[in-house]
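Asker: Please read through the structure below; I'll follow up with questions.
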Amino acid sequence: MAAPIVVIRDLSKVYRQGDINVTALNRISLDIGAGEFAVLMGPSGSGKSTLLHIIAGIDRATSGEVRVQGINVANLNESELADWRNQNVGFVFQSFNLIPVLTAHENVELPLLLTALGRRQRREQVEVALALVGLADRGHHRPDQMSGGQQQRVAIARALVTDPALIVADEPTGNLDARSAHDVLGILQSLSRDAGKTVIMVTHDPKAAVFGTRELHLEKGELARDSVPA
Amino acid sequence: MSGMDPGGGGILGRSFHGLFRLAGFALSLLNPVTWLGELARAWVRWFGLGPFSFVLVNAMRNRRRATLTVLSVASSCGLLVTLLTLQRELTVPPESEGASLRIIARNKVSLAQPLPAKQLSAVEKIPGVVAVSPFTFFGGNFRDEQMTSFAQFAVEPARFRELLVEGRVSDGSYEEFIKDRNSCFVGADTMKRYDLKIGDKMRFTGTFYPVDLDLKIAAVFKGTVDDRGVFFHHKLLDELTGDPGTVGTWYIRVASAEVANDVIARINKAFENSSAEVRAETERAFQMGFISMLGNVKVLTLSISAVVVFTLMLVTVSTMSMAIRERFRELAILKALGFQRRELFAFILAESFGLSALGAFLGIGGAWLLWTYADLQKWTGGMILYFEVTPRIVATGSVVAAILGIVAAIGPSVAVARTSVVNGLRTLD
């Protein structure tokens, strides 16, 4: 395995629901290497999305440690965490989550508004990102003028436009037909294999898992299996 | 044969549908929100995406709601400005320094009862009195008007000059006014309103007095609390009415505000137990006496204004809450992408403030246009004579709208700040 980019030690997450404590993650430890395409699988409620959210810095662990590129995410305050996410993490969600009133180009440009880049540099980066996902000619289209697969590709372009080391995808093919899902998974695979990005993807779909380089199977908040996809 | 329409009603229906669409399109062209929405898109095309264009595009995303919000703010601001103007017109007393230096002495029995002209010498001799002039309300109608909105007073010009503390002659010659018994001294607002110039004739039909006046404009004054009045020679009124030897009131200037109460007491004392006892009071007290006849107008208008502002606040807060609630998930995405709480607050605040500002601009601007250019006297049958939307009232309305824009943004901003990215993403999932 390449040098680990994500180091997780004794990670636990406990939710409080009324008087009951629900353990979503129980003392998980694992490393994910740079350039890996890790697929988190498991039944509903197994804690895979929670683990993804904690790694991506949009949720906090109850105990344990998560280091991404050597930074202990738990030590960052809200403001530092927001900056860190902008520079280090790209997000891809199941329901695309594009801003409906903005064009594809503008949606991809959004994370760059937080950087010091000028307008021309931003445009160049957006064009590169859209070209990478095969949508160079659809930049002026709004989300409602595109198919689900195209919208998800725009979301991937948005995730990689800031050139983050880590891309997290939460069931990115959940709302797509088989053809579009295949295209999207191919892009994520290419980002990992060819561009050296570390991709962590949550999915229920065993067919999607084969695109990854590593399959992490969670059950009841614990890491049940760590294997290479067949 | 599915394309056939045997009854022909479909064609009619389609025609009506087309007409409705056309009417809708025409109406949308009149809607400033439509224009702003297009402007927002054009802005993004020309200048690229930035915080300003992002806010603008978001604010205009639901044009129907934005239009209704802007219209509700506009109508409330228009109503608020109208109420404040009404209150000012009904209650504002002279606030200049000169008002506290002037005293009005009237018949103790009633304002309608005249005073003997021979009282002048006695009033003049009272210590502290600097100047005194007869001051008789004529109450005529200008030209063919049914109820003229500015007052006309008969005065003694040479003495009256000493009473104009804060006013100044802005046009013509006061000397000419003194010399010519048939001339008059006119407020600049009245000159402007009727497009008058020096040398023009002003004809008044008497309503209290059974005589008419034909006056030539000799001079114009400006800079008083009310630049609308017309002043003419008391001697002319005496001549026309057969010299009854009476005046309406005495208009008196005292040496300083400190001696005003003493002078008032002395004037009242001087004519005690005479056939024409007087009641002297400061100009401000005299006007407040008129206002008190109207009841507690200030409390009434302020109460209605408070209700208007409260309703406006509910509408704006509710609209902004709905707008943000709809976009909770998007705001969570922005948070995930790295936007800070303060940036999201700025987006929400700018949107709320922008909609309020647009509504305020339309409402306050509309009220200003309406009350400045409408013929209120004609509309209200003379009940409302003059309705000036002052810069202070415009500023008050603007500040209220601005505060509401800010207040409306606070609730949604706090909700967004408190919600974690994960919970935000679960919204409407």
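Within each chain, counting starts at residue 1; across the structure tokens, chains are named A, B, ... in the order shown, with ligands numbered 1 upward in that order.
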Which residues come within 9 Å of His204 (chain A), counting only C-alpha atoms, excluding same-chain residues fewer than 4 positions away, as a PyMOL selection string?
Answerer: chain A and resi 40-44+171+174+208-209
Asker: Please give the complete set of residues from region 50-205 of chain A that DSSP, run on the backbone, assigns to alpha helix (DSSP H), formatted as a PyMOL selection string.
Answerer: chain A and resi 50-56+78-88+104-109+119-132+148-160+178-193
Asker: Could you tell me which of B:Arg168, B:Arg63, B:Arg161, B:Arg21 comes closest to chain A if we count only C-alpha atoms?
Answerer: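 Ranking B:Arg168, B:Arg63, B:Arg161, B:Arg21 by distance to chain A, first place goes to B:Arg63.
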Asker: How many Å lie between CA of His234 (chain B) and CA of Pro134 (chain B), rounded to one decimal?
Answerer: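 Distance between the two atoms: 7.4 Å.
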Asker: For the contact check between chain B and chain A, emit one row per residue of chain B within 10 Å, containing the shortest atom pair and the distance in Å rounded to one decimal, counting only C-alpha atoms, chain then rising number order, as JSON lines.
Answerer:
{"residue": "B:Arg41", "atom": "CA", "partner": "A:Leu102", "partner_atom": "CA", "distance": 9.1}
{"residue": "B:Val44", "atom": "CA", "partner": "A:Glu106", "partner_atom": "CA", "distance": 8.8}
{"residue": "B:Arg45", "atom": "CA", "partner": "A:His140", "partner_atom": "CA", "distance": 9.5}
{"residue": "B:Phe47", "atom": "CA", "partner": "A:Arg119", "partner_atom": "CA", "distance": 8.8}
{"residue": "B:Gly48", "atom": "CA", "partner": "A:Arg119", "partner_atom": "CA", "distance": 7.3}
{"residue": "B:Leu49", "atom": "CA", "partner": "A:Glu106", "partner_atom": "CA", "distance": 6.4}
{"residue": "B:Gly50", "atom": "CA", "partner": "A:Leu113", "partner_atom": "CA", "distance": 6.8}
{"residue": "B:Pro51", "atom": "CA", "partner": "A:Leu113", "partner_atom": "CA", "distance": 7.9}
{"residue": "B:Phe54", "atom": "CA", "partner": "A:Leu102", "partner_atom": "CA", "distance": 8.4}
{"residue": "B:Val57", "atom": "CA", "partner": "A:Val101", "partner_atom": "CA", "distance": 6.9}
{"residue": "B:Asn58", "atom": "CA", "partner": "A:Val101", "partner_atom": "CA", "distance": 7.0}
{"residue": "B:Met60", "atom": "CA", "partner": "A:Val101", "partner_atom": "CA", "distance": 9.3}
{"residue": "B:Arg61", "atom": "CA", "partner": "A:Val101", "partner_atom": "CA", "distance": 6.5}
{"residue": "B:Asn62", "atom": "CA", "partner": "A:Val101", "partner_atom": "CA", "distance": 9.8}
{"residue": "B:Arg327", "atom": "CA", "partner": "A:Ile99", "partner_atom": "CA", "distance": 9.2}
{"residue": "B:Arg329", "atom": "CA", "partner": "A:Asn97", "partner_atom": "CA", "distance": 7.8}
{"residue": "B:Glu330", "atom": "CA", "partner": "A:Ile99", "partner_atom": "CA", "distance": 6.6}
{"residue": "B:Leu331", "atom": "CA", "partner": "A:Ile99", "partner_atom": "CA", "distance": 9.5}
{"residue": "B:Ala332", "atom": "CA", "partner": "A:Asn97", "partner_atom": "CA", "distance": 9.7}
{"residue": "B:Ile333", "atom": "CA", "partner": "A:Asn97", "partner_atom": "CA", "distance": 7.0}
{"residue": "B:Leu334", "atom": "CA", "partner": "A:Pro111", "partner_atom": "CA", "distance": 8.2}
{"residue": "B:Lys335", "atom": "CA", "partner": "A:Ala82", "partner_atom": "CA", "distance": 7.0}
{"residue": "B:Ala336", "atom": "CA", "partner": "A:Ile58", "partner_atom": "CA", "distance": 6.6}
{"residue": "B:Leu337", "atom": "CA", "partner": "A:Asn86", "partner_atom": "CA", "distance": 5.4}
{"residue": "B:Gly338", "atom": "CA", "partner": "A:Ala82", "partner_atom": "CA", "distance": 4.3}
{"residue": "B:Phe339", "atom": "CA", "partner": "A:Ala82", "partner_atom": "CA", "distance": 6.3}
{"residue": "B:Gln340", "atom": "CA", "partner": "A:Ala82", "partner_atom": "CA", "distance": 6.2}
{"residue": "B:Arg341", "atom": "CA", "partner": "A:Ser79", "partner_atom": "CA", "distance": 8.0}
{"residue": "B:Arg342", "atom": "CA", "partner": "A:Ser79", "partner_atom": "CA", "distance": 9.5}
{"residue": "B:Glu343", "atom": "CA", "partner": "A:Leu114", "partner_atom": "CA", "distance": 9.9}
{"residue": "B:Ser420", "atom": "CA", "partner": "A:Ile58", "partner_atom": "CA", "distance": 7.5}
{"residue": "B:Val421", "atom": "CA", "partner": "A:Ile58", "partner_atom": "CA", "distance": 5.8}
{"residue": "B:Val422", "atom": "CA", "partner": "A:Ile58", "partner_atom": "CA", "distance": 6.5}
{"residue": "B:Asn423", "atom": "CA", "partner": "A:Asp59", "partner_atom": "CA", "distance": 9.5}
{"residue": "B:Leu425", "atom": "CA", "partner": "A:Asn97", "partner_atom": "CA", "distance": 9.0}
{"residue": "B:Asp429", "atom": "CA", "partner": "A:Ser95", "partner_atom": "CA", "distance": 8.5}
Asker: DSSP on the backbone, strand (DSSP E or B) only: what residues of region 40-85 of chain A does that give? Format it as a list in words.
Answerer: Leu40, Met41, Ser63, Gly64, Glu65, Val66, Arg67, Val68, Ile71 and Asn72 of chain A
Asker: For Ser72 (chain B), find every residue with an atom within 8 Å (counting only C-alpha atoms), except residues of its own chain fewer than 5 positions away, and show them as a short mmCIF file (atom, residue, chain, number, x, y, z; two decimals) with N, CA and C atoms, in the first residue's frame.
Answerer:
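Result written to selection00.cif:
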data_model
loop_
_atom_site.label_atom_id
_atom_site.label_comp_id
_atom_site.auth_asym_id
_atom_site.auth_seq_id
_atom_site.Cartn_x
_atom_site.Cartn_y
_atom_site.Cartn_z
N LEU B 312 -45.32 44.05 8.55
CA LEU B 312 -44.24 44.00 7.56
C LEU B 312 -43.14 43.05 8.01
N VAL B 315 -44.27 39.42 7.63
CA VAL B 315 -44.26 39.00 6.22
C VAL B 315 -42.83 38.72 5.77
N GLY B 359 -38.21 46.70 -2.17
CA GLY B 359 -39.58 47.01 -1.75
C GLY B 359 -39.67 48.43 -1.20
#
Asker: Which residues are close to Thr311 (chain B), i.e. within 12 Å by only C-alpha atoms, leaving aside same-chain residues fewer than 3 positions away? Reply as a ChimeraX atom specification.
Answerer: /B:72-73,75-77,79-80,304-308,314-318,404
Asker: Dump N, CA and C atoms for the selected residues as a tab-separated table (two decimals), in the first residue's frame?
Answerer:
chain	number	residue	atom	x	y	z
B	72	SER	N	-45.23	43.35	-0.91
B	72	SER	CA	-45.72	43.52	0.46
B	72	SER	C	-44.87	44.54	1.21
B	73	VAL	N	-43.56	44.49	1.00
B	73	VAL	CA	-42.69	45.49	1.65
B	73	VAL	C	-43.00	46.88	1.08
B	75	SER	N	-45.83	48.01	-0.28
B	75	SER	CA	-47.10	48.58	0.17
B	75	SER	C	-47.02	48.98	1.63
B	76	SER	N	-46.33	48.19	2.45
B	76	SER	CA	-46.21	48.54	3.87
B	76	SER	C	-45.37	49.80	4.05
B	77	CYS	N	-44.28	49.90	3.30
B	77	CYS	CA	-43.44	51.10	3.41
B	77	CYS	C	-44.20	52.33	2.91
B	79	LEU	N	-47.41	52.74	3.01
B	79	LEU	CA	-48.41	53.07	4.03
B	79	LEU	C	-47.74	53.74	5.22
B	80	LEU	N	-46.58	53.23	5.61
B	80	LEU	CA	-45.85	53.81	6.74
B	80	LEU	C	-45.48	55.27	6.46
B	304	ILE	N	-50.99	52.87	14.51
B	304	ILE	CA	-51.21	52.23	13.20
B	304	ILE	C	-49.87	51.95	12.53
B	305	SER	N	-48.93	52.90	12.66
B	305	SER	CA	-47.60	52.70	12.06
B	305	SER	C	-46.92	51.47	12.67
B	306	ALA	N	-47.07	51.31	13.99
B	306	ALA	CA	-46.45	50.17	14.66
B	306	ALA	C	-47.04	48.87	14.14
B	307	VAL	N	-48.37	48.86	13.94
B	307	VAL	CA	-49.02	47.66	13.40
B	307	VAL	C	-48.50	47.37	12.00
B	308	VAL	N	-48.36	48.41	11.21
B	308	VAL	CA	-47.85	48.25	9.84
B	308	VAL	C	-46.45	47.65	9.86
B	314	LEU	N	-43.45	40.49	10.08
B	314	LEU	CA	-43.93	39.10	10.01
B	314	LEU	C	-43.83	38.58	8.58
B	315	VAL	N	-44.27	39.42	7.63
B	315	VAL	CA	-44.26	39.00	6.22
B	315	VAL	C	-42.83	38.72	5.77
B	316	THR	N	-41.93	39.66	6.08
B	316	THR	CA	-40.56	39.52	5.60
B	316	THR	C	-39.85	38.34	6.26
B	317	VAL	N	-40.04	38.21	7.58
B	317	VAL	CA	-39.39	37.10	8.28
B	317	VAL	C	-39.92	35.77	7.76
B	318	SER	N	-41.24	35.70	7.58
B	318	SER	CA	-41.85	34.46	7.10
B	318	SER	C	-41.33	34.11	5.71
B	404	LEU	N	-35.71	45.79	9.08
B	404	LEU	CA	-36.51	44.59	8.84
B	404	LEU	C	-35.75	43.58	7.99
Asker: Name all residues at most 8 Å from region 65-75 of chain A (count only C-alpha atoms; drop same-chain ones fewer than 2 positions away) and give them as a ChimeraX atom specification.
Answerer: /A:4-11,54-55,57,60-61,63,77,81
Asker: Which of these, A:Gly64, A:Phe37, A:Lys197, A:Gly134, has the shortest distance to Pro229 (chain A) once you count only C-alpha atoms?
Answerer: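 Between A:Gly64, A:Phe37, A:Lys197, A:Gly134, the residue approaching Pro229 (chain A) most closely is A:Phe37.
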Asker: In terms of the shortest atom-to-atom distance over only C-alpha atoms, which of A:Ser29, A:Pro172, A:Ala34, A:Lys48 is closest to Lys220 (chain A)?
Answerer: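 Of the candidates, the smallest distance to Lys220 (chain A) is held by A:Lys48.
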Asker: Tell me, in Å to one decimal, how far CA of Arg159 (chain B) is from CA of Lys222 (chain B).
Answerer: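 Rounded to one decimal, the two atoms are 18.2 Å apart.
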